[in-house]
$ cat final.txt   # compact mmCIF, C-alpha atoms
# COMPACT_ATOMS: atom_id res chain seq x y z
CA MET T 1086 0.00 0.00 0.00
CA PRO T 1087 2.44 2.67 -1.18
CA GLU T 1088 -0.15 5.44 -0.95
CA GLN T 1089 -0.50 4.76 2.78
CA VAL T 1090 3.23 4.63 3.48
CA SER T 1091 3.77 8.27 2.57
CA HIS T 1092 1.04 9.34 5.01
CA LEU T 1093 1.93 7.14 7.99
CA LEU T 1094 3.36 9.98 10.07
CA ALA T 1095 0.18 12.00 9.66
CA PHE T 1096 -1.94 8.95 10.49
CA HIS T 1097 0.06 8.24 13.65
CA ALA T 1098 -0.20 11.84 14.83
CA ILE T 1099 -3.91 12.33 14.14
CA THR T 1100 -4.91 9.05 15.82
CA GLY T 1101 -2.74 9.65 18.88
CA CYS T 1102 0.97 9.46 19.65
CA ASP T 1103 3.24 10.46 22.56
CA SER T 1104 2.55 14.16 22.04
CA THR T 1105 -0.99 14.16 20.63
CA SER T 1106 -4.15 12.70 22.11
CA GLU T 1107 -6.20 9.92 20.60
CA LEU T 1108 -9.69 10.57 19.30
CA ALA T 1109 -12.49 9.55 21.66
CA SER T 1110 -13.68 5.96 21.13
CA ILE T 1111 -11.49 5.49 18.01
CA THR T 1112 -8.78 2.84 18.27
CA LYS T 1113 -5.74 2.59 16.01
CA VAL T 1114 -7.13 -0.62 14.52
CA GLU T 1115 -10.46 1.01 13.69
CA ALA T 1116 -8.72 4.04 12.25
CA TRP T 1117 -6.45 1.87 10.11
CA LYS T 1118 -9.48 0.31 8.43
CA ALA T 1119 -10.53 3.76 7.26
CA PHE T 1120 -6.97 4.63 6.25
CA SER T 1121 -7.17 3.14 2.77
CA GLY T 1122 -7.69 4.15 -0.83
CA THR T 1123 -8.33 7.83 -1.32
CA ASN T 1124 -9.06 8.32 2.39
CA CYS T 1125 -5.37 8.37 3.25
CA GLU T 1126 -4.85 11.21 0.77
CA LEU T 1127 -6.92 13.45 3.05
CA LEU T 1128 -3.87 13.49 5.35
CA GLY T 1129 -1.48 14.11 2.48
CA ARG T 1130 -0.32 17.62 3.30
CA LEU T 1131 -0.32 17.45 7.08
CA GLY T 1132 3.05 18.64 8.33
CA GLN T 1133 3.30 21.84 6.31
CA SER T 1134 3.87 25.29 7.70
CA PRO T 1135 1.82 27.37 7.61
CA LEU T 1136 -1.18 25.07 7.96
CA GLU T 1137 -3.63 26.04 5.24
CA GLU T 1138 -7.42 25.98 5.50
CA ASP T 1139 -7.92 23.30 2.84
CA VAL T 1140 -5.52 20.99 4.71
CA LEU T 1141 -7.49 21.54 7.91
CA SER T 1142 -10.72 20.73 6.08
CA ASN T 1143 -9.30 17.55 4.55
CA VAL T 1144 -8.10 16.25 7.91
CA GLU T 1145 -11.53 17.02 9.38
CA LYS T 1146 -13.09 14.94 6.60
CA PHE T 1147 -10.80 12.05 7.51
CA VAL T 1148 -11.91 12.28 11.15
CA PHE T 1149 -15.56 12.25 10.07
CA LYS T 1150 -14.91 9.00 8.21
CA LEU T 1151 -13.58 7.49 11.42
CA TYR T 1152 -16.87 8.31 13.14
CA LYS T 1153 -18.88 7.08 10.13
CA VAL T 1154 -20.97 10.21 9.71
CA ASP T 1155 -22.81 11.20 6.55
CA SER T 1156 -20.49 12.33 3.75
CA SER T 1157 -22.42 15.59 3.38
CA ILE T 1158 -21.29 16.74 6.84
CA THR T 1159 -18.40 19.19 6.69
CA CYS T 1160 -18.33 20.51 10.27
CA SER T 1161 -17.47 18.62 13.44
CA ASN T 1162 -20.22 20.37 15.39
CA ASN T 1163 -22.71 19.06 12.82
CA ALA T 1164 -21.15 15.61 13.14
CA ARG T 1165 -21.76 15.73 16.89
CA SER T 1166 -25.38 16.68 16.26
CA TYR T 1167 -25.71 13.86 13.71
CA LEU T 1168 -24.44 11.29 16.23
CA PHE T 1169 -26.18 12.79 19.25
CA GLY T 1170 -28.48 10.20 20.78
CA ALA T 1171 -26.87 7.39 18.78
CA VAL T 1172 -23.98 6.97 21.19
CA ARG T 1173 -24.12 5.55 24.69
CA LYS T 1174 -22.11 8.34 26.29
CA PRO T 1175 -21.36 11.93 25.24
CA GLU T 1176 -17.67 11.06 25.57
CA PHE T 1177 -18.02 8.89 22.45
CA LEU T 1178 -18.89 11.89 20.28
CA PRO T 1179 -16.27 13.45 18.02
CA PRO T 1180 -14.62 16.61 19.34
CA THR T 1181 -16.17 20.01 18.73
CA THR T 1182 -14.98 21.97 15.72
CA ASP T 1183 -12.92 24.20 17.99
CA ALA T 1184 -11.26 21.29 19.82
CA LEU T 1185 -10.70 19.27 16.64
CA ARG T 1186 -8.98 22.13 14.86
CA LEU T 1187 -6.64 22.64 17.81
CA HIS T 1188 -5.90 18.91 17.74
CA ILE T 1189 -5.12 19.07 14.02
CA LYS T 1190 -2.78 22.02 14.59
CA ARG T 1191 -0.88 20.04 17.23
CA CYS T 1192 -0.69 17.05 14.90
CA ASN T 1193 0.57 19.26 12.09
CA TYR T 1194 3.32 20.57 14.37
CA GLN T 1195 4.30 17.04 15.39
CA VAL T 1196 4.54 15.88 11.77
CA CYS T 1197 6.65 18.97 11.04
CA VAL T 1198 9.04 17.90 13.80
CA TRP T 1199 9.30 14.35 12.47
CA GLU T 1200 9.79 15.37 8.86
CA ASN T 1201 12.52 17.86 9.79
CA ALA T 1202 14.28 15.66 12.35
CA HIS T 1203 17.27 15.26 10.03
CA ILE T 1204 17.82 19.02 9.75
CA PRO T 1205 19.95 20.67 12.46
CA LYS T 1206 18.19 23.70 13.95
CA SER T 1207 15.19 23.29 11.68
CA SER T 1208 12.71 26.14 11.42
CA LEU T 1209 9.45 25.18 13.12
CA PRO T 1210 6.27 27.19 13.70
CA ARG T 1211 5.64 28.75 17.12
CA LEU T 1212 4.12 26.34 19.61
CA GLN T 1213 1.58 28.98 20.63
CA ASP T 1214 0.28 29.05 17.05
CA CYS T 1215 -0.12 25.28 16.95
CA GLY T 1216 -2.62 24.50 19.67
CA TRP T 1217 -0.20 24.61 22.59
CA ILE T 1218 0.18 26.82 25.66
CA VAL T 1219 3.62 27.55 27.08
CA GLN T 1220 3.46 27.99 30.87
CA ARG T 1221 6.62 28.43 32.92
CA GLU T 1222 8.72 26.48 30.43
CA GLN T 1223 6.09 23.74 30.27
CA VAL T 1224 4.13 22.98 27.12
CA VAL T 1225 0.51 21.88 27.55
CA PRO T 1226 -2.19 21.35 24.92
CA ARG T 1227 -4.86 23.99 24.58
CA SER T 1228 -8.16 22.12 24.66
CA ILE T 1229 -10.56 24.87 23.54
CA THR T 1230 -10.62 28.56 22.69
CA LEU T 1231 -14.37 29.03 23.21
CA ASP T 1232 -16.41 28.97 26.40
CA PRO T 1233 -17.39 25.47 27.56
CA ILE T 1234 -21.07 24.50 27.30
CA PRO T 1235 -21.88 24.84 31.03
CA LYS T 1236 -20.89 28.50 30.88
CA THR T 1237 -22.63 29.42 27.63
CA CYS T 1238 -25.68 27.17 28.04
CA PRO T 1239 -26.42 26.86 31.78
CA GLU T 1240 -29.99 25.78 31.06
CA ILE T 1241 -28.92 22.38 29.67
CA VAL T 1242 -29.87 19.57 32.05
CA VAL T 1243 -29.65 15.87 31.25
CA CYS T 1244 -32.44 13.85 32.86
CA SER T 1245 -30.64 10.52 32.63
CA VAL T 1246 -27.83 11.83 34.81
CA VAL T 1247 -29.88 13.73 37.38
CA CYS T 1248 -33.37 12.32 37.84
CA HIS T 1249 -33.69 9.01 35.96
CA CYS T 1250 -37.27 9.81 35.00
CA LYS T 1251 -39.37 6.67 34.60
CA GLY T 1252 -42.71 8.44 34.30
CA HIS T 1253 -44.01 10.97 31.83
CA CYS T 1254 -41.87 13.91 32.98
CA ASN T 1255 -45.06 15.85 33.74
CA THR T 1256 -44.18 16.91 37.29
CA LYS T 1257 -41.46 18.98 38.91
CA ASN T 1258 -39.71 15.73 39.84
CA CYS T 1259 -38.31 15.85 36.32
CA SER T 1260 -35.19 17.98 36.47
CA CYS T 1261 -35.71 19.17 32.90
CA ARG T 1262 -39.25 20.38 33.61
CA LYS T 1263 -38.07 21.91 36.86
CA ALA T 1264 -35.40 23.82 34.93
CA ASN T 1265 -38.07 24.86 32.40
CA VAL T 1266 -36.39 23.13 29.46
CA SER T 1267 -37.54 20.32 27.18
CA CYS T 1268 -36.20 16.81 27.56
CA ILE T 1269 -33.64 15.82 24.95
CA LYS T 1270 -32.53 12.61 23.23
CA LEU T 1271 -30.21 11.66 26.07
CA CYS T 1272 -33.05 11.75 28.60
CA THR T 1273 -33.57 8.04 29.14
CA PRO T 1274 -35.65 6.08 29.90
CA CYS T 1275 -38.31 8.80 29.72
CA LYS T 1276 -38.09 9.41 25.98
CA ARG T 1277 -40.74 6.83 25.04
CA SER T 1278 -43.53 8.34 27.11
CA CYS T 1279 -42.20 11.84 27.76
CA LEU T 1280 -44.68 14.70 28.01
CA ASN T 1281 -41.91 17.27 28.32
CA SER T 1282 -40.36 17.00 24.86
CA GLY T 1283 -40.47 19.73 22.27
CA ASP T 1284 -42.96 17.65 20.26
CA THR T 1285 -45.52 17.46 23.06
CA GLN T 1286 -45.42 21.02 24.34

$ encode --input "final.txt" --output "structure tokens"
Amino acid sequence: MPEQVSHLLAFHAITGCDSTSELASITKVEAWKAFSGTNCELLGRLGQSPLEEDVLSNVEKFVFKLYKVDSSITCSNNARSYLFGAVRKPEFLPPTTDALRLHIKRCNYQVCVWENAHIPKSSLPRLQDCGWIVQREQVVPRSITLDPIPKTCPEIVVCSVVCHCKGHCNTKNCSCRKANVSCIKLCTPCKRSCLNSGDTQ
């Protein structure tokens, strides 16, 4: 598979190595199955500086293939919405667009390091521009640049975590109703007989 060989460094970085995190719920073996044919070409230009927008988009498309989302989806936030309710835990969803792009920037930096390892004093992009934070001579990954959901959407409450509604969610015992919000797909087991969903209000 010569087409895969030339993209192995990018594959290793994007699916998790010593300096980059793995993608939630995606193993190396599962990722390798998707790393074939024209799919591997989506990682073809990872490792360039500066990182261009079309390279970012191509790597995002490769990640979407790992999560088996519809081919029409071009945004990780939309991919999360597409898979929402189909996964057992929110942790199994793909990263947000913001988090994924930071991950790709870190992977791009790592591939740059590998590909220039034979060059003494090679010119590399600034860590701060590649999804990292430098704190007191320590380098840590920057997870997000936007506000987390609890801060921007304090009204979100998940019934399955808080109240385990087994009735019709028609009393204040339902944490969603108490918070004056509709139940959502993750509210189990109430979803079959829920009277607090957007469809029944």

$ closest_residue --input "final.txt" --among "T:Thr1182, T:Leu1187, T:Pro1175, T:Ser1110" --to "Thr1159 of chain T" --atoms "only C-alpha atoms"
T:Thr1182

$ atom_distance --input "final.txt" --atom1 "atom CA of Val1196 of chain T" --atom2 "atom CA of Gly1132 of chain T"
4.7 Å

$ residues_around --input "final.txt" --residues "segment 1104-1108 of chain T" --least-positions-apart "3" --cutoff "10 Å" --atoms "only C-alpha atoms" --output "PyMOL selection string"
chain T and resi 1097-1101+1111-1113+1116+1148+1151-1152+1177-1180+1185+1188-1189+1191-1192+1194-1195+1225-1226

$ atom_distance --input "final.txt" --atom1 "atom CA of Ser1228 of chain T" --atom2 "atom CA of Gly1216 of chain T"
7.8 Å

$ closest_residue --input "final.txt" --among "T:Ala1109, T:Ser1161, T:Ser1278, T:Lys1263" --to "Lys1174 of chain T" --atoms "all atoms listed in the file"
T:Ala1109

$ closest_residue --input "final.txt" --among "T:Cys1261, T:Ile1229, T:Leu1093, T:Cys1250" --to "Leu1131 of chain T" --atoms "all atoms listed in the file"
T:Leu1093

$ residues_near_point --input "final.txt" --point "(2.0, 6.5, 4.3)" --cutoff "10 Å" --atoms "all atoms listed in the file" --output "list in words"
Met1086, Pro1087, Glu1088, Gln1089, Val1090, Ser1091, His1092, Leu1093, Leu1094, Ala1095, Phe1096, His1097, Phe1120, Ser1121, Cys1125, Glu1126, Leu1128 and Gly1129 of chain T

$ closest_residue --input "final.txt" --among "T:Glu1222, T:Glu1145, T:Glu1115, T:Asp1155" --to "Lys1190 of chain T" --atoms "only C-alpha atoms"
T:Glu1145

$ atom_distance --input "final.txt" --atom1 "atom CA of Val1154 of chain T" --atom2 "atom CA of Ala1171 of chain T"
11.2 Å
